Amino acid sequence: MWNKERWITAAILLGATAVMMFPLIMSWSGRNIPMVQELGLARGTWAPLHAWIAALLFAGAYIAYTFRVLPFVREQQREVSLFKLIGVAAAFASGIMEEVVFRRWLMDTVQSYGIGSAGQVLLSGGIFGLFHLVWHAFSADRRFSLYGAASTVVAGAALAVIYLLGGRNLGPCIAAHVLINLVVEPWLVLAAVSGATSAKSALDRSQNRAKTR
């Protein structure tokens with residue numbers, strides 16, 4: 001039986017997935033939507049090998065970092081459920097569309113105004129982090145939501161660098177983003193909603209488990 005926090009998390013992820021999947025579905029159904037075409041995932045359109053290596057190294061480092069600062073996320077990895085399936089759908093939808101928006105559209109747009117690579121990386125990371133401040137609307141831990149947004153700025157900047165390393169090819173960025181999301185979702189959002197984000201929360205859960213043994 002799901003508790004209130006799981007229902008809220010599922011609603012957030014399903015709503016976000018529906019919004020982000022819409023342009024992809026329209027494109028796959030034959031509509032010409034240039035922004036979601038040529039994503040660098042088809043044979044013959046792959047980015048250089050060094051960009052894929054950088055993407056995998058970044059994804060591994062970010063997942064390890066998340067496990068370290070949020071033991072709650074690490075503890076949930078063995079769960080296989082409908083809740084996790086919702087997280088998988090959200091992982092693919094957000095992993096693709098956020099890269100389309102914050103890397104391809106944003107970086108290519110500011111490039112057209114003469115802004116160089118450093119400016120593109122900073123803007124991509126900064127706006128990516130600001131976008132994730134939406135957690136404030138749902139988070140039970142305001143300090144965590146700010147901390148999470150700051151780490152997302154770094155993640156966005158790293159993905160922007162990977163985009164440039166790949167010759168403005170989205171493939172490695174999408175792969176890294178989806179891989180991270182597959183591991184951390186839906187647990188990262190659930191941690192924010194439920195407040196299971198602090199050392200005290202982790203200690204309380206550990207003590208509760210010990211009492212039930």
# chains A, B, ... in the order shown; residues from 1 in each chain; ligands from 1
$ residues_around --residues "segment 10-16 of chain A" --least-positions-apart "2" --cutoff "9 Å" --atoms "only C-alpha atoms" --output "ChimeraX atom specification"
/A:5-8,18-21,83,86-87,89-90,93-94,138,186,189-190
$ closest_atom_pairs --of "segment 107-191 of chain A" --to "segment 42-46 of chain A" --cutoff "12 Å" --atoms "only C-alpha atoms" --output "Markdown table"
| residue | atom | partner | partner_atom | distance |
| --- | --- | --- | --- | --- |
| A:Gly166 | CA | A:Trp46 | CA | 8.7 |
| A:Gly167 | CA | A:Trp46 | CA | 10.1 |
| A:Arg168 | CA | A:Trp46 | CA | 10.9 |
| A:Asn169 | CA | A:Trp46 | CA | 7.6 |
| A:Leu170 | CA | A:Trp46 | CA | 9.0 |
| A:Gly171 | CA | A:Trp46 | CA | 6.7 |
| A:Pro172 | CA | A:Trp46 | CA | 8.4 |
| A:Cys173 | CA | A:Trp46 | CA | 11.6 |
| A:Ile174 | CA | A:Trp46 | CA | 11.9 |
| A:Ala175 | CA | A:Trp46 | CA | 11.5 |
$ write_last_selection --atoms "C-alpha atoms" --output "short mmCIF file (atom, residue, chain, number, x, y, z; two decimals), in the first residue's frame"
data_model
loop_
_atom_site.label_atom_id
_atom_site.label_comp_id
_atom_site.auth_asym_id
_atom_site.auth_seq_id
_atom_site.Cartn_x
_atom_site.Cartn_y
_atom_site.Cartn_z
CA GLY A 166 30.75 15.54 -28.78
CA GLY A 167 30.62 18.23 -31.46
CA ARG A 168 27.16 19.40 -30.31
CA ASN A 169 25.87 15.85 -30.50
CA LEU A 170 23.18 15.02 -27.91
CA GLY A 171 23.77 11.26 -27.82
CA PRO A 172 26.31 11.12 -24.94
CA CYS A 173 24.39 13.74 -22.93
CA ILE A 174 21.15 11.81 -23.24
CA ALA A 175 22.87 8.53 -22.34
#
$ closest_residue --among "A:Phe102, A:Phe92, A:Tyr65, A:Trp2" --to "Gln120 of chain A" --atoms "only C-alpha atoms"
A:Phe102
$ residues_around --residues "Ala61 of chain A" --least-positions-apart "3" --cutoff "12 Å" --atoms "only C-alpha atoms" --output "PyMOL selection string"
chain A and resi 54-58+64-68+155+158+176+179-180
$ write_last_selection --atoms "all heavy atoms" --output "compact mmCIF listing (two decimals), in the first residue's frame"
# COMPACT_ATOMS: atom_id res chain seq x y z
N ALA A 54 33.51 10.30 -21.59
CA ALA A 54 33.28 11.37 -20.62
C ALA A 54 31.88 11.28 -20.03
O ALA A 54 31.69 11.50 -18.82
CB ALA A 54 33.48 12.73 -21.29
N ALA A 55 30.91 10.95 -20.85
CA ALA A 55 29.53 10.83 -20.38
C ALA A 55 29.39 9.71 -19.36
O ALA A 55 28.73 9.87 -18.31
CB ALA A 55 28.59 10.60 -21.56
N LEU A 56 30.00 8.55 -19.64
CA LEU A 56 29.90 7.42 -18.71
C LEU A 56 30.63 7.71 -17.41
O LEU A 56 30.14 7.35 -16.32
CB LEU A 56 30.46 6.16 -19.38
CG LEU A 56 29.64 5.60 -20.54
CD1 LEU A 56 30.36 4.41 -21.17
CD2 LEU A 56 28.25 5.17 -20.06
N LEU A 57 31.79 8.37 -17.48
CA LEU A 57 32.53 8.72 -16.28
C LEU A 57 31.73 9.71 -15.42
O LEU A 57 31.67 9.57 -14.19
CB LEU A 57 33.89 9.32 -16.64
CG LEU A 57 34.92 8.34 -17.22
CD1 LEU A 57 36.17 9.11 -17.67
CD2 LEU A 57 35.30 7.27 -16.19
N PHE A 58 31.12 10.68 -16.07
CA PHE A 58 30.31 11.64 -15.33
C PHE A 58 29.12 10.96 -14.67
O PHE A 58 28.81 11.21 -13.50
CB PHE A 58 29.84 12.76 -16.24
CG PHE A 58 28.71 13.56 -15.65
CD1 PHE A 58 28.94 14.38 -14.55
CD2 PHE A 58 27.43 13.47 -16.17
CE1 PHE A 58 27.89 15.09 -13.98
CE2 PHE A 58 26.38 14.17 -15.60
CZ PHE A 58 26.61 15.00 -14.51
N ALA A 64 27.53 7.90 -7.78
CA ALA A 64 28.28 7.64 -6.55
C ALA A 64 28.11 8.79 -5.55
O ALA A 64 27.94 8.56 -4.35
CB ALA A 64 29.76 7.42 -6.87
N TYR A 65 28.14 10.00 -6.05
CA TYR A 65 27.95 11.18 -5.20
C TYR A 65 26.56 11.16 -4.57
O TYR A 65 26.40 11.42 -3.36
CB TYR A 65 28.15 12.44 -6.03
CG TYR A 65 27.62 13.70 -5.41
CD1 TYR A 65 28.34 14.34 -4.39
CD2 TYR A 65 26.41 14.26 -5.83
CE1 TYR A 65 27.84 15.51 -3.82
CE2 TYR A 65 25.92 15.41 -5.26
CZ TYR A 65 26.64 16.04 -4.25
OH TYR A 65 26.15 17.18 -3.69
N THR A 66 25.55 10.84 -5.36
CA THR A 66 24.17 10.80 -4.84
C THR A 66 24.03 9.74 -3.76
O THR A 66 23.40 9.97 -2.72
CB THR A 66 23.18 10.53 -5.99
OG1 THR A 66 23.32 11.54 -6.99
CG2 THR A 66 21.75 10.53 -5.48
N PHE A 67 24.61 8.58 -3.98
CA PHE A 67 24.55 7.51 -2.98
C PHE A 67 25.22 7.95 -1.68
O PHE A 67 24.77 7.58 -0.59
CB PHE A 67 25.25 6.26 -3.51
CG PHE A 67 24.43 5.46 -4.49
CD1 PHE A 67 24.97 4.35 -5.12
CD2 PHE A 67 23.13 5.82 -4.79
CE1 PHE A 67 24.23 3.60 -6.01
CE2 PHE A 67 22.38 5.09 -5.70
CZ PHE A 67 22.92 3.96 -6.30
N ARG A 68 26.29 8.72 -1.80
CA ARG A 68 27.01 9.13 -0.60
C ARG A 68 26.23 10.15 0.22
O ARG A 68 26.17 10.05 1.45
CB ARG A 68 28.38 9.71 -0.99
CG ARG A 68 29.20 10.15 0.21
CD ARG A 68 30.57 10.61 -0.19
NE ARG A 68 31.35 11.04 0.97
CZ ARG A 68 32.60 11.49 0.92
NH1 ARG A 68 33.22 11.57 -0.25
NH2 ARG A 68 33.22 11.86 2.02
N ALA A 155 25.87 19.59 -12.49
CA ALA A 155 25.54 18.52 -13.44
C ALA A 155 25.22 19.10 -14.82
O ALA A 155 25.67 18.57 -15.85
CB ALA A 155 24.36 17.71 -12.92
N ALA A 158 28.38 20.17 -16.51
CA ALA A 158 29.15 19.01 -16.97
C ALA A 158 28.55 18.44 -18.26
O ALA A 158 29.27 18.10 -19.21
CB ALA A 158 29.18 17.94 -15.88
N ALA A 176 24.05 9.75 -20.57
CA ALA A 176 24.45 10.01 -19.19
C ALA A 176 23.25 10.41 -18.34
O ALA A 176 23.08 9.92 -17.21
CB ALA A 176 25.51 11.12 -19.16
N LEU A 179 20.91 7.40 -17.76
CA LEU A 179 21.53 6.44 -16.84
C LEU A 179 21.43 6.92 -15.40
O LEU A 179 21.08 6.14 -14.49
CB LEU A 179 23.00 6.23 -17.22
CG LEU A 179 23.80 5.25 -16.34
CD1 LEU A 179 23.15 3.89 -16.32
CD2 LEU A 179 25.25 5.16 -16.84
N ILE A 180 21.74 8.18 -15.17
CA ILE A 180 21.61 8.74 -13.81
C ILE A 180 20.17 8.62 -13.32
O ILE A 180 19.91 8.17 -12.20
CB ILE A 180 22.08 10.20 -13.79
CG1 ILE A 180 23.59 10.29 -14.02
CG2 ILE A 180 21.70 10.88 -12.47
CD1 ILE A 180 24.10 11.69 -14.28
$ select_by_dssp --residues "segment 3-210 of chain A" --states "alpha helix (DSSP H)" --output "ChimeraX atom specification"
/A:4-28,49-69,71-75,82-99,106-112,117-131,142-165,171-184,187-194,199-210
$ closest_residue --among "A:Val193, A:Val153, A:Val101, A:Val184" --to "Ala59 of chain A" --atoms "only C-alpha atoms"
A:Val184
$ atom_distance --atom1 "atom CA of Ile33 of chain A" --atom2 "atom CA of Tyr113 of chain A"
22.6 Å
$ atom_distance --atom1 "atom CA of Val73 of chain A" --atom2 "atom CA of Gly125 of chain A"
23.4 Å
$ atom_distance --atom1 "atom CA of Thr17 of chain A" --atom2 "atom CA of Asn181 of chain A"
12.6 Å
